[in-house]
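Trainee: Supplied in structure tokens, the structure appears directly below.
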Amino acid sequence: GFSVKLDTNGCHPAALAEILERRLVDYVAMDIKNSPEKYPQTVGVPAFNLDPVRESVRLLRGGTVDYEFRTTVVQGLHTPADMESIGRWLEGAPRYYLQRFVDSGDLVGSGCRSPEPEELRALAEAAAPWFQEVQLRGVD
């Protein structure tokens, strides 16, 4: 009787398809790491194949379950141009969340920093034309 949410990076569309087909979840939240052009850099895999992620996006957009897309924003890694590229890719999606990166202390030597609230708001503004709703997480 409980609602079930799945969090995914979209790298295994066959598993997602089965979960959706069997109606095992009520909601899916999918991470979008960055614009398609910067995905390999963002995930740290130069030869990263984006096709599985694109297929997972297609499955969610098929409308069998409620969903959201979200991006964890890292200062200097995400730009307004990236938000526009993500928007063109995911145009018309019902929800897109930008969440602040928070350093847990476990990313040895990463140099990743949390964006300032103003930077996050500017990125949300750049993404807004492409989505039905854009919201921020981790900003008061």
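In the structure tokens, the first chain shown is A, the next is B, and so on; residue numbers restart at 1 for each chain, and ligands run from 1 in the order shown.
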Would you mind listing what lies within 10 Å of stretch 34-42 of chain A as a PyMOL selection string, with only C-alpha atoms counted and same-chain residues fewer than 4 positions away left out?

Mentor: chain A and resi 46-50+53-54+70-74+77-79+81-89

Trainee: Let me see the file: selected residues, N, CA and C atoms, as a PDB file, in the first residue's frame.

Mentor:
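So selection-v3.pdb came out as:
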ATOM      1  N   PRO A  46      35.539   9.675 -20.367  1.00  0.00           N
ATOM      2  CA  PRO A  46      35.683  10.315 -21.677  1.00  0.00           C
ATOM      3  C   PRO A  46      34.918   9.644 -22.818  1.00  0.00           C
ATOM      4  N   ALA A  47      34.794   8.316 -22.793  1.00  0.00           N
ATOM      5  CA  ALA A  47      34.097   7.612 -23.868  1.00  0.00           C
ATOM      6  C   ALA A  47      32.661   7.234 -23.462  1.00  0.00           C
ATOM      7  N   PHE A  48      32.084   7.983 -22.544  1.00  0.00           N
ATOM      8  CA  PHE A  48      30.740   7.659 -22.051  1.00  0.00           C
ATOM      9  C   PHE A  48      29.731   7.626 -23.195  1.00  0.00           C
ATOM     10  N   ASN A  49      28.933   6.544 -23.232  1.00  0.00           N
ATOM     11  CA  ASN A  49      27.897   6.390 -24.249  1.00  0.00           C
ATOM     12  C   ASN A  49      26.574   6.898 -23.673  1.00  0.00           C
ATOM     13  N   LEU A  50      26.064   7.965 -24.221  1.00  0.00           N
ATOM     14  CA  LEU A  50      24.839   8.590 -23.729  1.00  0.00           C
ATOM     15  C   LEU A  50      23.571   7.878 -24.195  1.00  0.00           C
ATOM     16  N   VAL A  53      21.128   6.531 -21.530  1.00  0.00           N
ATOM     17  CA  VAL A  53      20.464   7.628 -20.819  1.00  0.00           C
ATOM     18  C   VAL A  53      19.358   8.214 -21.697  1.00  0.00           C
ATOM     19  N   ARG A  54      19.661   8.408 -22.961  1.00  0.00           N
ATOM     20  CA  ARG A  54      18.638   8.918 -23.893  1.00  0.00           C
ATOM     21  C   ARG A  54      17.430   7.965 -23.962  1.00  0.00           C
ATOM     22  N   ARG A  70      16.319  15.855 -12.809  1.00  0.00           N
ATOM     23  CA  ARG A  70      17.013  16.739 -11.875  1.00  0.00           C
ATOM     24  C   ARG A  70      18.501  16.748 -12.189  1.00  0.00           C
ATOM     25  N   THR A  71      19.113  17.866 -11.863  1.00  0.00           N
ATOM     26  CA  THR A  71      20.551  18.018 -12.046  1.00  0.00           C
ATOM     27  C   THR A  71      21.143  18.556 -10.763  1.00  0.00           C
ATOM     28  N   THR A  72      22.189  17.907 -10.284  1.00  0.00           N
ATOM     29  CA  THR A  72      22.934  18.416  -9.143  1.00  0.00           C
ATOM     30  C   THR A  72      23.974  19.377  -9.698  1.00  0.00           C
ATOM     31  N   VAL A  73      23.851  20.639  -9.322  1.00  0.00           N
ATOM     32  CA  VAL A  73      24.679  21.697  -9.903  1.00  0.00           C
ATOM     33  C   VAL A  73      25.968  21.869  -9.111  1.00  0.00           C
ATOM     34  N   VAL A  74      27.084  21.846  -9.838  1.00  0.00           N
ATOM     35  CA  VAL A  74      28.410  22.061  -9.288  1.00  0.00           C
ATOM     36  C   VAL A  74      28.934  23.376  -9.856  1.00  0.00           C
ATOM     37  N   LEU A  77      30.889  23.905 -13.298  1.00  0.00           N
ATOM     38  CA  LEU A  77      30.661  22.766 -14.191  1.00  0.00           C
ATOM     39  C   LEU A  77      29.378  22.926 -15.003  1.00  0.00           C
ATOM     40  N   HIS A  78      28.436  23.688 -14.479  1.00  0.00           N
ATOM     41  CA  HIS A  78      27.145  23.897 -15.145  1.00  0.00           C
ATOM     42  C   HIS A  78      26.981  25.386 -15.467  1.00  0.00           C
ATOM     43  N   THR A  79      26.604  25.660 -16.708  1.00  0.00           N
ATOM     44  CA  THR A  79      26.464  27.034 -17.179  1.00  0.00           C
ATOM     45  C   THR A  79      25.040  27.264 -17.704  1.00  0.00           C
ATOM     46  N   ALA A  81      24.309  28.050 -20.668  1.00  0.00           N
ATOM     47  CA  ALA A  81      24.264  27.370 -21.971  1.00  0.00           C
ATOM     48  C   ALA A  81      23.981  25.876 -21.789  1.00  0.00           C
ATOM     49  N   ASP A  82      24.527  25.271 -20.744  1.00  0.00           N
ATOM     50  CA  ASP A  82      24.231  23.865 -20.461  1.00  0.00           C
ATOM     51  C   ASP A  82      22.755  23.675 -20.139  1.00  0.00           C
ATOM     52  N   MET A  83      22.193  24.601 -19.366  1.00  0.00           N
ATOM     53  CA  MET A  83      20.773  24.503 -19.012  1.00  0.00           C
ATOM     54  C   MET A  83      19.893  24.611 -20.259  1.00  0.00           C
ATOM     55  N   GLU A  84      20.283  25.467 -21.178  1.00  0.00           N
ATOM     56  CA  GLU A  84      19.533  25.595 -22.428  1.00  0.00           C
ATOM     57  C   GLU A  84      19.632  24.305 -23.253  1.00  0.00           C
ATOM     58  N   SER A  85      20.822  23.703 -23.281  1.00  0.00           N
ATOM     59  CA  SER A  85      20.999  22.450 -24.010  1.00  0.00           C
ATOM     60  C   SER A  85      20.184  21.328 -23.369  1.00  0.00           C
ATOM     61  N   ILE A  86      20.202  21.250 -22.045  1.00  0.00           N
ATOM     62  CA  ILE A  86      19.389  20.260 -21.337  1.00  0.00           C
ATOM     63  C   ILE A  86      17.909  20.518 -21.638  1.00  0.00           C
ATOM     64  N   GLY A  87      17.526  21.783 -21.634  1.00  0.00           N
ATOM     65  CA  GLY A  87      16.138  22.138 -21.919  1.00  0.00           C
ATOM     66  C   GLY A  87      15.699  21.712 -23.309  1.00  0.00           C
ATOM     67  N   ARG A  88      16.529  21.944 -24.297  1.00  0.00           N
ATOM     68  CA  ARG A  88      16.188  21.507 -25.660  1.00  0.00           C
ATOM     69  C   ARG A  88      16.052  19.991 -25.720  1.00  0.00           C
ATOM     70  N   TRP A  89      16.919  19.287 -24.996  1.00  0.00           N
ATOM     71  CA  TRP A  89      16.896  17.827 -24.965  1.00  0.00           C
ATOM     72  C   TRP A  89      15.617  17.300 -24.306  1.00  0.00           C
TER      73      TRP A  89
END

Trainee: Write down as JSON, numbers by chain the residues of stretch 2-86 of chain A whose backbone DSSP state falls under helix (DSSP H, G or I).

Mentor: {"A": [13, 14, 15, 16, 17, 18, 19, 20, 21, 36, 37, 38, 39, 40, 41, 42, 43, 51, 52, 53, 54, 55, 56, 57, 58, 59, 60, 61, 80, 81, 82, 83, 84, 85, 86]}

Trainee: Which distance in Å separates atom CA of A:Glu119 and atom CA of A:Arg95, to one decimal?

Mentor: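 If I compute the distance from atom CA of A:Glu119 to atom CA of A:Arg95, I get 19.7 Å.
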
Trainee: Among chain A, which ones does DSSP assign to strand (DSSP E or B) (computed from the backbone)? Answer as a list in words.

Mentor: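 Output for chain A, strand (DSSP E or B) only: Lys5, Leu6, Asp7, Thr8, Tyr27, Val28, Ala29, Met30, Asp31, Asp66, Tyr67, Glu68, Phe69, Arg70, Thr71, Thr72, Val73, Tyr96, Tyr97, Leu98, Gln99, Arg100, Val134, Gln135, Leu136 and Arg137 of chain A.
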
Trainee: Just how far from atom CA of A:Arg113 is atom CA of A:Lys5, in Å to one decimal?

Mentor: 28.3 Å

Trainee: Of the residues A:Leu90, A:Val4, A:Met30, A:Leu123, which is the one nearest to A:Gln75, using only C-alpha atoms?

Mentor: A:Leu123

Trainee: For a quick check of understanding, using only C-alpha atoms, which of A:Leu98, A:Ala93, A:Leu120, A:Val25 has the smallest distance to A:Gln132?

Mentor: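 The closest residue to A:Gln132 is A:Ala93.
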
Trainee: Tell me which protein, DNA and RNA residues are within 9 Å of A:Ser56, counting only C-alpha atoms, leaving out same-chain ones fewer than 6 positions away, and put them as a list in words.

Mentor: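 Contacts, in chain order: Asn9, Gly10, Cys11, His12, Pro13, Ala14, Leu16, Ala17 and Met30 of chain A.
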
Trainee: For each of A:Val134, A:Gly111, A:Glu91, A:Asp140, take the minimum atom-to-atom distance to A:Arg58, counting only C-alpha atoms, then give the residue where this is smallest.

Mentor: A:Glu91

Trainee: Quick one: residues within 10 Å of A:Asp26, only C-alpha atoms counted, chain neighbours fewer than 3 positions away excluded, as a list of chain:residue names?

Mentor: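 Using only C-alpha atoms, the neighbours found are A:Phe2, A:Ser3, A:Val4, A:Lys5, A:Leu6, A:Leu20, A:Arg23, A:Thr64, A:Val65, A:Asp66, A:Tyr67.
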
Trainee: Looking at only C-alpha atoms, which of A:Gly1, A:Asp7, A:Asp31, A:Glu55 is the one that sits closest to A:Gln99?

Mentor: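 Answer, going by the shortest atom-to-atom distance: A:Asp31.
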
Trainee: Go through A:Glu18, A:Glu116, A:Glu125, A:Glu133 one by one, measure the shortest atom-to-atom distance of each to A:Pro94 using only C-alpha atoms, and give the residue with the smallest value.

Mentor: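 Looking at the shortest contact to A:Pro94, the residue is A:Glu133.
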
Trainee: Go ahead and compute the interatomic distance for atom CA of A:Pro52 and atom CA of A:Leu24, in Å to one decimal.

Mentor: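 Interatomic distance, atom CA of A:Pro52 to atom CA of A:Leu24: 20.5 Å.
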